[in-house]
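Content type mmCIF, C-alpha atoms, from the file input_22.cif:
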data_entry
#
loop_
_atom_site.label_atom_id
_atom_site.label_comp_id
_atom_site.auth_asym_id
_atom_site.auth_seq_id
_atom_site.Cartn_x
_atom_site.Cartn_y
_atom_site.Cartn_z
CA MET A 5 75.76 134.23 110.49
CA SER A 6 77.57 130.95 111.18
CA ASN A 7 75.06 128.96 109.10
CA ASP A 8 75.67 131.26 106.14
CA THR A 9 79.41 130.90 106.64
CA LEU A 10 79.09 127.14 106.88
CA ASN A 11 77.11 126.96 103.64
CA LYS A 12 79.57 129.22 101.88
CA ALA A 13 82.53 127.21 103.19
CA LEU A 14 80.89 123.92 102.16
CA GLN A 15 80.29 125.33 98.68
CA ILE A 16 84.01 126.06 98.41
CA LEU A 17 84.98 122.72 99.91
CA THR A 18 82.74 120.36 97.95
CA PRO A 19 84.63 120.44 94.61
CA ILE A 20 88.08 120.40 96.21
CA ARG A 21 87.40 118.01 99.07
CA THR A 22 90.54 116.04 99.94
CA VAL A 23 89.56 114.10 103.06
CA ASN A 24 87.31 111.06 102.62
CA LEU A 25 87.51 109.15 105.85
CA ASP A 26 85.89 105.81 106.52
CA ASP A 27 83.97 107.29 109.45
CA PRO A 28 80.43 105.90 109.87
CA PRO A 29 79.55 107.81 113.11
CA GLY A 30 80.15 111.11 111.30
CA GLN A 31 82.58 112.31 113.93
CA PHE A 32 84.85 113.92 111.35
CA GLU A 33 81.97 115.73 109.64
CA SER A 34 80.73 117.23 112.89
CA ILE A 35 84.23 118.51 113.78
CA LEU A 36 84.64 119.90 110.26
CA ASN A 37 81.27 121.65 110.24
CA GLY A 38 82.03 123.20 113.63
CA LEU A 39 85.32 124.60 112.35
CA LEU A 40 83.91 125.82 109.05
CA SER A 41 81.07 127.65 110.75
CA ASP A 42 83.65 129.58 112.80
CA LEU A 43 85.40 130.95 109.71
CA GLU A 44 84.81 134.63 109.04
CA THR A 45 85.64 134.93 105.35
CA PRO A 46 86.10 131.42 103.96
CA ASN A 47 88.41 130.95 101.00
CA THR A 48 90.02 127.89 99.40
CA LEU A 49 93.09 127.85 101.62
CA SER A 50 91.30 128.49 104.92
CA VAL A 51 88.68 125.84 104.11
CA LEU A 52 91.42 123.36 103.21
CA LEU A 53 93.30 124.07 106.43
CA CYS A 54 90.08 123.58 108.43
CA GLU A 55 89.64 120.24 106.70
CA GLN A 56 93.17 119.16 107.68
CA ILE A 57 92.70 120.43 111.26
CA ALA A 58 89.41 118.53 111.56
CA GLU A 59 91.18 115.40 110.35
CA SER A 60 93.93 115.83 112.95
CA VAL A 61 91.33 116.29 115.71
CA TYR A 62 89.60 113.14 114.49
CA TRP A 63 92.84 111.12 114.66
CA LEU A 64 93.77 112.71 117.98
CA ARG A 65 90.54 111.38 119.53
CA ARG A 66 91.05 107.96 117.98
CA HIS A 67 94.61 107.68 119.32
CA VAL A 68 93.54 108.76 122.81
CA ASP A 69 90.94 105.96 122.70
CA ASP A 70 93.62 103.55 121.47
CA LYS A 71 95.89 104.46 124.39
CA ASN A 72 93.09 103.82 126.89
CA GLU A 73 92.24 100.55 125.19
CA ILE A 74 95.88 99.38 125.34
CA MET A 75 95.90 100.07 129.08
CA MET A 76 92.62 98.25 129.64
CA GLU A 77 93.64 95.26 127.53
CA ALA A 78 96.96 94.95 129.36
CA THR A 79 95.17 95.23 132.72
CA ALA A 80 92.69 92.52 131.68
CA GLN A 81 95.66 90.35 130.71
CA SER A 82 97.29 91.00 134.07
CA VAL A 83 94.05 90.07 135.90
CA LYS A 84 93.81 86.89 133.82
CA SER A 85 97.36 85.87 134.72
CA LEU A 86 96.48 86.21 138.44
CA GLN A 87 93.36 84.04 138.06
CA ILE A 88 95.31 80.96 136.96
CA GLY A 89 94.94 78.06 139.40
CA LEU A 90 92.24 79.70 141.50
CA GLY A 91 89.35 77.86 139.91
CA ASP A 92 87.64 81.07 138.77
CA ASP A 93 87.37 80.80 135.03
CA ARG A 94 85.37 83.96 134.38
CA GLU A 95 87.30 86.13 131.95
CA PHE A 96 87.08 89.88 132.36
CA SER A 97 87.20 91.89 129.14
CA SER A 98 88.88 95.27 128.72
CA GLN A 99 85.39 96.84 128.83
CA ASP A 100 84.78 95.19 132.24
CA ILE A 101 88.11 96.57 133.49
CA ALA A 102 87.26 100.05 132.18
CA ARG A 103 83.88 99.92 133.96
CA ALA A 104 85.46 98.74 137.21
CA LEU A 105 88.14 101.42 137.09
CA SER A 106 85.63 104.15 136.34
CA GLY A 107 83.62 103.45 139.50
CA ASP A 108 81.62 100.21 139.21
CA ARG A 109 82.30 99.10 142.78
CA ALA A 110 80.50 95.72 142.53
CA LEU A 111 82.42 94.70 139.42
CA LYS A 112 85.69 95.83 140.96
CA ASP A 113 85.03 93.65 144.04
CA GLN A 114 84.13 90.73 141.81
CA ILE A 115 87.41 91.10 139.87
CA GLU A 116 89.48 91.44 143.04
CA LYS A 117 87.83 88.36 144.56
CA SER A 118 88.73 86.33 141.48
CA ILE A 119 92.46 87.07 141.64
CA ALA A 120 95.12 85.82 144.04
CA LYS A 121 95.03 87.32 147.53
CA GLY A 122 97.06 90.47 148.18
CA ASN A 123 96.46 91.81 144.66
CA THR A 124 94.27 94.74 143.72
CA LEU A 125 92.93 96.05 140.44
CA GLU A 126 95.13 99.15 140.79
CA GLY A 127 98.13 96.88 141.25
CA CYS A 128 97.18 95.01 138.08
CA ARG A 129 96.92 98.34 136.27
CA SER A 130 100.39 99.37 137.45
CA ARG A 131 101.87 96.09 136.25
CA ALA A 132 100.02 96.45 132.94
CA PHE A 133 101.41 99.97 132.56
CA ILE A 134 104.96 98.70 133.00
CA LYS A 135 104.40 95.74 130.68
CA SER A 136 102.91 97.78 127.86
CA ALA A 137 105.10 100.86 128.39
CA LYS A 138 106.55 100.62 124.89
CA GLU A 139 103.16 100.64 123.14
CA ILE A 140 101.87 103.38 125.44
CA ARG A 141 104.89 105.50 124.59
CA ILE A 142 104.21 105.06 120.86
CA ALA A 143 100.54 105.93 121.43
CA ASP A 144 101.70 109.05 123.27
CA ASP A 145 103.90 109.94 120.29
CA LEU A 146 100.91 109.56 117.97
CA ILE A 147 98.81 111.82 120.19
CA GLN A 148 101.62 114.34 120.48
CA ARG A 149 102.05 114.33 116.69
CA GLN A 150 98.36 115.11 116.13
CA MET A 151 98.53 117.94 118.68
CA LEU A 152 101.55 119.41 116.89
CA ASN A 153 99.79 119.01 113.53
CA ILE A 154 96.85 121.00 114.89
CA ARG A 155 99.20 123.68 116.23
CA HIS A 156 101.08 123.96 112.93
CA LEU A 157 97.93 124.08 110.84
CA GLN A 158 96.43 126.59 113.28
CA LYS A 159 99.47 128.82 112.78
CA GLY A 160 98.94 128.56 109.03
CA LEU A 161 95.28 129.48 109.42
CA ASP A 162 96.21 132.25 111.82
CA SER A 163 98.60 133.77 109.30
CA ILE A 164 95.88 133.86 106.61
CA ASP A 165 93.28 135.43 108.83
CA LEU A 166 93.04 135.56 112.60
CA LYS A 167 90.21 133.25 113.58
CA LYS A 168 89.95 133.75 117.30
CA ARG A 169 87.03 131.42 117.74
CA ILE A 170 88.78 128.55 115.96
CA LEU A 171 91.93 129.08 117.99
CA LYS A 172 89.87 129.03 121.18
CA ARG A 173 87.97 125.92 120.07
CA MET A 174 91.22 124.08 119.29
CA ASP A 175 92.83 125.22 122.55
CA LEU A 176 89.85 123.81 124.43
CA GLU A 177 90.01 120.56 122.45
CA ILE A 178 93.72 120.10 123.22
CA LYS A 179 93.21 121.10 126.86
CA GLY A 180 90.39 118.54 127.18
CA ILE A 181 92.56 115.78 125.69
CA GLU A 182 95.50 116.73 127.93
CA ASP A 183 93.28 116.55 131.03
CA LYS A 184 91.95 113.18 129.91
CA LEU A 185 95.49 111.90 129.36
CA LEU A 186 96.69 113.13 132.74
CA ALA A 187 93.80 111.29 134.34
CA ILE A 188 95.02 107.94 133.01
CA GLU A 189 98.71 108.46 133.65
CA HIS A 190 100.33 106.06 136.04
CA ASP A 191 100.79 107.31 139.61
CA PRO A 192 103.36 105.15 141.45
CA LYS A 193 102.35 106.62 144.86
CA LYS A 194 98.96 104.92 144.54
CA ASP A 195 100.50 101.42 144.48
CA MET B 30 133.15 74.36 86.42
CA THR B 31 132.75 72.17 83.35
CA GLN B 32 132.71 73.52 79.81
CA ARG B 33 129.10 72.33 79.50
CA ARG B 34 128.06 74.36 82.55
CA THR B 35 129.90 77.46 81.27
CA ASP B 36 128.15 77.19 77.89
CA ALA B 37 124.77 76.76 79.59
CA ASN B 38 125.44 79.86 81.72
CA ARG B 39 126.29 81.88 78.60
CA ILE B 40 123.08 80.78 76.87
CA ASN B 41 120.95 81.51 79.94
CA ALA B 42 122.56 84.92 80.47
CA ALA B 43 121.70 85.90 76.91
CA LYS B 44 118.03 85.04 77.50
CA SER B 45 117.32 87.61 80.21
CA THR B 46 119.13 90.91 80.60
CA GLY B 47 116.40 92.81 82.43
CA PRO B 48 113.54 94.88 81.06
CA ARG B 49 113.96 96.40 77.57
CA SER B 50 110.78 98.38 76.90
CA SER B 51 110.32 101.75 78.57
CA GLU B 52 107.21 100.41 80.30
CA GLY B 53 109.17 97.48 81.72
CA LYS B 54 112.02 99.73 82.81
CA SER B 55 109.56 102.06 84.50
CA LYS B 56 107.96 99.13 86.30
CA SER B 57 111.24 97.64 87.50
CA SER B 58 112.43 101.07 88.66
CA ARG B 59 109.67 100.81 91.25
CA ASN B 60 110.74 97.36 92.49
CA ALA B 61 112.52 98.66 95.57
CA ILE B 62 109.71 101.01 96.65
CA LYS B 63 108.24 99.95 99.99
CA HIS B 64 105.54 102.55 100.68
CA GLY B 65 106.40 105.42 98.33
CA LEU B 66 105.98 108.08 101.03
CA ASN B 67 109.45 109.47 100.32
CA GLN B 68 108.80 109.91 96.60
CA ALA B 69 108.40 113.37 95.15
CA ILE B 70 104.90 114.30 94.04
CA ASP B 71 104.56 114.36 90.27
CA GLU B 72 103.49 117.84 89.05
CA GLU B 73 101.30 116.23 86.40
CA ILE B 74 99.02 114.46 88.87
CA VAL B 75 98.10 117.47 91.02
CA ASP B 76 94.40 118.27 91.35
CA PRO B 77 93.57 120.83 88.60
CA ILE B 78 90.38 122.06 90.34
CA LEU B 79 92.22 122.76 93.58
CA TYR B 80 95.02 124.45 91.66
CA GLN B 81 92.56 126.70 89.81
CA SER B 82 90.68 127.54 93.04
CA LEU B 83 93.92 128.71 94.64
CA ILE B 84 94.77 130.82 91.57
CA ASN B 85 91.27 132.35 91.77
CA ASP B 86 91.98 133.22 95.41
CA GLY B 87 94.96 135.31 94.36
CA LEU B 88 97.91 132.94 94.62
CA SER B 89 100.54 133.05 91.87
CA GLU B 90 100.93 130.00 89.62
CA ASP B 91 104.10 128.92 91.43
CA GLU B 92 102.57 129.39 94.87
CA ALA B 93 99.42 127.48 93.88
CA LEU B 94 101.46 124.63 92.41
CA MET B 95 103.68 124.36 95.49
CA MET B 96 100.62 124.44 97.76
CA VAL B 97 98.74 121.76 95.80
CA MET B 98 101.84 119.57 95.80
CA ALA B 99 102.25 120.01 99.56
CA ILE B 100 98.57 119.17 100.12
CA SER B 101 98.91 116.14 97.82
CA GLU B 102 101.94 114.94 99.78
CA TYR B 103 100.04 115.34 103.05
CA ARG B 104 97.04 113.51 101.60
CA ARG B 105 99.26 110.64 100.51
CA VAL B 106 100.60 110.29 104.04
CA MET B 107 97.13 110.51 105.60
CA GLU B 108 95.67 107.95 103.20
CA ALA B 109 98.49 105.56 104.12
CA TRP B 110 97.78 106.39 107.78
CA GLU B 111 94.11 105.47 107.43
CA TYR B 112 94.99 102.32 105.49
CA GLU B 113 97.41 101.17 108.20
CA TYR B 114 94.87 102.04 110.91
CA HIS B 115 92.29 99.68 109.42
CA GLN B 116 94.64 96.79 108.67
CA PRO B 117 93.46 93.51 110.25
CA LYS B 118 95.35 91.88 113.08
CA GLU B 119 98.40 89.88 112.05
CA ILE B 120 98.20 86.35 113.42
CA TYR B 121 101.08 83.92 113.18
CA GLY B 122 100.22 80.39 112.01
CA LEU B 123 96.59 81.10 111.10
CA ALA B 124 96.54 78.68 108.15
CA GLU B 125 98.44 76.00 110.09
CA ALA B 126 96.02 76.34 113.02
CA GLN B 127 93.11 75.72 110.66
CA ILE B 128 94.81 72.59 109.25
CA ILE B 129 95.53 71.33 112.77
CA ARG B 130 91.89 71.89 113.79
CA GLU B 131 90.66 69.92 110.78
CA LEU B 132 93.21 67.19 111.39
CA GLU B 133 92.23 66.84 115.02
CA ALA B 134 88.51 66.89 114.28
CA ASP B 135 88.70 64.35 111.47
CA LYS B 136 91.23 61.94 112.86
CA GLY B 137 90.18 58.36 112.34
CA MET B 138 87.83 59.33 109.48
CA PHE B 139 89.54 60.89 106.47
CA TYR B 140 92.97 61.33 107.97
CA PRO B 141 95.09 58.58 109.47
CA GLU B 142 95.25 58.39 113.28
CA LEU B 143 97.72 60.84 114.73
CA LYS B 144 100.87 59.21 115.99
CA ALA B 145 102.62 60.31 119.17
CA LYS B 146 105.31 61.99 117.07
CA ASP B 147 102.67 63.97 115.11
CA ARG B 148 101.00 65.07 118.32
CA ARG B 149 104.35 66.27 119.63
CA ILE B 150 104.99 68.25 116.45
CA ILE B 151 101.52 69.83 116.69
CA ALA B 152 101.98 70.68 120.37
CA ASN B 153 105.37 72.27 119.65
CA PHE B 154 103.93 74.29 116.80
CA LYS B 155 101.02 75.49 118.96
CA ALA B 156 103.40 76.58 121.71
CA MET B 157 105.62 78.43 119.25
CA ALA B 158 102.62 80.13 117.59
CA ALA B 159 101.28 81.18 121.01
CA ARG B 160 104.66 82.73 121.91
CA LYS B 161 104.93 84.53 118.58
CA ASN B 162 101.37 85.82 118.78
CA GLU B 163 101.94 87.10 122.30
CA ARG B 164 104.95 88.99 121.00
CA LEU B 165 102.91 90.41 118.09
CA GLY B 166 100.41 91.83 120.59
CA SER B 167 96.74 92.72 120.27
CA GLU B 168 95.17 94.42 117.26
CA ILE B 169 95.48 97.87 118.83
CA MET B 170 99.08 97.30 119.85
CA GLN B 171 99.96 96.20 116.33
CA ARG B 172 98.15 99.22 114.89
CA VAL B 173 99.95 101.65 117.19
CA LYS B 174 103.33 100.14 116.27
CA ARG B 175 102.58 100.39 112.55
CA LEU B 176 101.48 104.02 112.82
CA GLY B 177 104.47 104.90 115.00
CA LYS B 178 106.72 104.21 112.03
CA MET B 179 104.82 106.76 109.94
CA ILE B 180 105.02 109.73 112.30
CA ARG B 181 108.03 111.26 110.58
CA TYR B 182 106.26 111.41 107.20
CA GLN B 183 103.33 113.21 108.75
CA ARG B 184 105.64 115.67 110.53
CA ARG B 185 107.48 116.49 107.32
CA SER B 186 104.36 117.06 105.22
CA VAL B 187 102.57 119.19 107.84
CA ASN B 188 105.67 121.36 108.32
CA ARG B 189 105.81 121.89 104.58
CA ILE B 190 102.18 123.09 104.44
CA LYS B 191 102.68 125.41 107.42
CA LYS B 192 105.85 126.91 105.96
CA LEU B 193 104.18 127.54 102.61
CA VAL B 194 101.11 129.17 104.17
CA VAL B 195 103.21 131.38 106.47
CA ASP B 196 105.52 132.35 103.58
CA LEU B 197 102.49 133.47 101.56
CA GLN B 198 101.96 136.32 104.00
CA LYS B 199 105.53 137.61 103.84
#

Just give me the structure as structure tokens.
Amino acid sequence: MSNDTLNKALQILTPIRTVNLDDPPGQFESILNGLLSDLETPNTLSVLLCEQIAESVYWLRRHVDDKNEIMMEATAQSVKSLQIGLGDDREFSSQDIARALSGDRALKDQIEKSIAKGNTLEGCRSRAFIKSAKEIRIADDLIQRQMLNIRHLQKGLDSIDLKKRILKRMDLEIKGIEDKLLAIEHDPKKD
Amino acid sequence: MTQRRTDANRINAAKSTGPRSSEGKSKSSRNAIKHGLNQAIDEEIVDPILYQSLINDGLSEDEALMMVMAISEYRRVMEAWEYEYHQPKEIYGLAEAQIIRELEADKGMFYPELKAKDRRIIANFKAMAARKNERLGSEIMQRVKRLGKMIRYQRRSVNRIKKLVVDLQK
């Protein structure tokens, strides 16, 4: 059923395709195919709206990654500033910081040993959060905008034809992103 | 002002009084455009295949035209979004840094020995460039700031699509 729908939707979409993203991993295509296969009776407008929703989901994921990366970069910078004068010239990248914060105990110890006494990685993260608050706020605005885009386009799709499965899929997507965002929010009690 | 200067001004003013051909006027009318995201979509450039598909789906000519224009406006914003997303990092003093590197590497060979004054100038420039680059931020920070300025265009175009689609059902 959904394969037939997908083929039918792709037939409608191919000549009128509007989104051509520079997306080598094919993330956008997989989101789009998932949405199109959930359509019940695809027509030009519903297929177009699915295309725009898929694009918003794609950007939503990218901006969430950007926000995390900003945090990690700023934390790495904060760690670097605490290493000055201690003779430890090993530089920790944002990927190292991400690994340490997501549970790599050995790496975390190594980072904490390299910085001035009385400082922790969590402390560095708090300072980084304060220092890059402006950029994080803009990243939040970008994420929020994509969520609202999805909601608006969903409403449009909903008014053409109620697609319960698509609504549920998008709700889950937004819920997942919200959970992920909450997980990286700054908690002052932890400091 | 001397008479000679006044005469010269008169002659020069007669030489250039702005564009005269319609092509030139059209070009200069776009001089002040920065990104063009506020410009109205031209009805003549809308996608005819998309327009016809919407008509085939039962939309009236007006509805189809409005919808295609709204989609085109949204596409314009999203293309600008993608373009800004992939812009390379802005680095202050990139060309100067390259010259300094060459100068320092070649001193005593092709270039004259650097004097104390030159070294001071170079050191001052390096410090200023480092400060400016720190203020510019990393590639991701720069990207986020650029995209932040475009949020309102995206909001406006998405709202327009939603309103049109919802109005279709009334």

Tell me, as a ChimeraX atom specification, which residues lie within 12 Å of segment 177-180 of chain B, counting only C-alpha atoms; anything in the same chain fewer than 4 positions away does not count.
/A:67,138-150,152-153 /B:64-67,103,105-114,170-173,184-187

For a quick check of understanding, using all atoms listed in the file, which of B:Ser101, B:Asn153, B:Gln68, B:Asn162 has the smallest distance to chain A?
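Under the stated criterion, the closest residue is B:Ser101.
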
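Take the candidates A:Gln87, A:Gln114, A:Ser50, A:Thr79 and check each one against Arg131 of chain A using all atoms listed in the file; the shortest distance goes to A:Thr79.
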
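Minimum atom-to-atom distances from B:Lys174, B:Arg49, B:Arg160, B:Arg189 to chain A were compared using all atoms listed in the file, and the lowest value belongs to B:Lys174.
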
Contacts from chain A to chain B, 8 Å maximum, all atoms listed in the file: show me the residue list as a PyMOL selection string.
chain A and resi 19-20+22-23+25+47-49+70+73-74+139+142-143+145-146+149+153+156-157+159-161+163-164

Could you save the residues just selected, with C-alpha atoms, as a JSON list (two decimals), in the coordinates of the input?
[["chain", "number", "residue", "atom", "x", "y", "z"],
["A", 19, "PRO", "CA", 84.63, 120.44, 94.61],
["A", 20, "ILE", "CA", 88.08, 120.40, 96.21],
["A", 22, "THR", "CA", 90.54, 116.04, 99.94],
["A", 23, "VAL", "CA", 89.56, 114.10, 103.06],
["A", 25, "LEU", "CA", 87.51, 109.15, 105.85],
["A", 47, "ASN", "CA", 88.41, 130.95, 101.00],
["A", 48, "THR", "CA", 90.02, 127.89, 99.40],
["A", 49, "LEU", "CA", 93.09, 127.85, 101.62],
["A", 70, "ASP", "CA", 93.62, 103.55, 121.47],
["A", 73, "GLU", "CA", 92.24, 100.55, 125.19],
["A", 74, "ILE", "CA", 95.88, 99.38, 125.34],
["A", 139, "GLU", "CA", 103.16, 100.64, 123.14],
["A", 142, "ILE", "CA", 104.21, 105.06, 120.86],
["A", 143, "ALA", "CA", 100.54, 105.93, 121.43],
["A", 145, "ASP", "CA", 103.90, 109.94, 120.29],
["A", 146, "LEU", "CA", 100.91, 109.56, 117.97],
["A", 149, "ARG", "CA", 102.05, 114.33, 116.69],
["A", 153, "ASN", "CA", 99.79, 119.01, 113.53],
["A", 156, "HIS", "CA", 101.08, 123.96, 112.93],
["A", 157, "LEU", "CA", 97.93, 124.08, 110.84],
["A", 159, "LYS", "CA", 99.47, 128.82, 112.78],
["A", 160, "GLY", "CA", 98.94, 128.56, 109.03],
["A", 161, "LEU", "CA", 95.28, 129.48, 109.42],
["A", 163, "SER", "CA", 98.60, 133.77, 109.30],
["A", 164, "ILE", "CA", 95.88, 133.86, 106.61]]

How far is it from atom CA of Asn24 of chain A to atom CA of Leu10 of chain A, in Å with one decimal?
18.6 Å

Quick one: residues within 8 Å of Cys54 of chain A, only C-alpha atoms, excluding same-chain residues fewer than 3 positions away - as JSON, numbers by chain?
{"A": [36, 39, 40, 50, 51, 57, 58, 161]}

Could you give me, as a PDB file with C-alpha atoms, in the frame of the given file, the residues within 12 Å of Asn11 of chain A, counting all atoms listed in the file and dropping anything in the same chain fewer than 3 positions from it?
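Produced file selection_10.pdb, reproduced below:
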ATOM      1  CA  MET A   5      75.760 134.230 110.490  1.00  0.00           C
ATOM      2  CA  SER A   6      77.570 130.950 111.180  1.00  0.00           C
ATOM      3  CA  ASN A   7      75.060 128.960 109.100  1.00  0.00           C
ATOM      4  CA  ASP A   8      75.670 131.260 106.140  1.00  0.00           C
ATOM      5  CA  LEU A  14      80.890 123.920 102.160  1.00  0.00           C
ATOM      6  CA  GLN A  15      80.290 125.330  98.680  1.00  0.00           C
ATOM      7  CA  ILE A  16      84.010 126.060  98.410  1.00  0.00           C
ATOM      8  CA  LEU A  17      84.980 122.720  99.910  1.00  0.00           C
ATOM      9  CA  THR A  18      82.740 120.360  97.950  1.00  0.00           C
ATOM     10  CA  ASN A  37      81.270 121.650 110.240  1.00  0.00           C
ATOM     11  CA  GLY A  38      82.030 123.200 113.630  1.00  0.00           C
ATOM     12  CA  LEU A  40      83.910 125.820 109.050  1.00  0.00           C
ATOM     13  CA  SER A  41      81.070 127.650 110.750  1.00  0.00           C
ATOM     14  CA  ASP A  42      83.650 129.580 112.800  1.00  0.00           C
ATOM     15  CA  LEU A  43      85.400 130.950 109.710  1.00  0.00           C
ATOM     16  CA  THR A  45      85.640 134.930 105.350  1.00  0.00           C
ATOM     17  CA  PRO A  46      86.100 131.420 103.960  1.00  0.00           C
ATOM     18  CA  VAL A  51      88.680 125.840 104.110  1.00  0.00           C
TER      19      VAL A  51
END

Which residues fall under the PyMOL selection byres ((chain A and resi 181) around 12) in this file, as a list in words?
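So the PyMOL selection byres ((chain A and resi 181) around 12) ends up selecting Val61, Tyr62, Trp63, Leu64, Arg65, Arg66, His67, Val68, Asp69, Lys71, Asp144, Ile147, Gln148, Gln150, Met151, Met174, Asp175, Leu176, Glu177, Ile178, Lys179, Gly180, Glu182, Asp183, Lys184, Leu185, Leu186, Ala187 and Ile188 of chain A.
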
What would the file look like if the residues just selected were written as a compact mmCIF listing (two decimals), in the coordinates of the input with C-alpha atoms?
# COMPACT_ATOMS: atom_id res chain seq x y z
CA VAL A 61 91.33 116.29 115.71
CA TYR A 62 89.60 113.14 114.49
CA TRP A 63 92.84 111.12 114.66
CA LEU A 64 93.77 112.71 117.98
CA ARG A 65 90.54 111.38 119.53
CA ARG A 66 91.05 107.96 117.98
CA HIS A 67 94.61 107.68 119.32
CA VAL A 68 93.54 108.76 122.81
CA ASP A 69 90.94 105.96 122.70
CA LYS A 71 95.89 104.46 124.39
CA ASP A 144 101.70 109.05 123.27
CA ILE A 147 98.81 111.82 120.19
CA GLN A 148 101.62 114.34 120.48
CA GLN A 150 98.36 115.11 116.13
CA MET A 151 98.53 117.94 118.68
CA MET A 174 91.22 124.08 119.29
CA ASP A 175 92.83 125.22 122.55
CA LEU A 176 89.85 123.81 124.43
CA GLU A 177 90.01 120.56 122.45
CA ILE A 178 93.72 120.10 123.22
CA LYS A 179 93.21 121.10 126.86
CA GLY A 180 90.39 118.54 127.18
CA GLU A 182 95.50 116.73 127.93
CA ASP A 183 93.28 116.55 131.03
CA LYS A 184 91.95 113.18 129.91
CA LEU A 185 95.49 111.90 129.36
CA LEU A 186 96.69 113.13 132.74
CA ALA A 187 93.80 111.29 134.34
CA ILE A 188 95.02 107.94 133.01

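Interatomic distance, atom CA of Phe133 of chain A to atom CA of Ile120 of chain B: 23.7 Å.
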
Find the distance between atom CA of Ser55 of chain B and atom CA of Asn41 of chain B and write it in Å to one decimal.
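Those two atoms sit 23.9 Å apart.
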
Could you pull the residues within 9 Å of Lys155 of chain B, counting all atoms listed in the file, minus those fewer than 5 positions along the same chain, as a list of chain:residue names?
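Residues meeting the cut-off are B:Gly122, B:Ala126, B:Ile150, B:Arg160.
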
For segment 61-65 of chain B, what centre and edge lengths in Å (one decimal) does the axis-aligned box get once 4 Å is added on each side of all its listed atoms, as JSON?
{"center_x": 109.0, "center_y": 102.0, "center_z": 98.1, "size_x": 15.0, "size_y": 14.8, "size_z": 13.1}

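Take the candidates A:Lys172, A:Ile134, A:Ile154, A:Gly127 and check each one against Ser60 of chain A using all atoms listed in the file; the shortest distance goes to A:Ile154.
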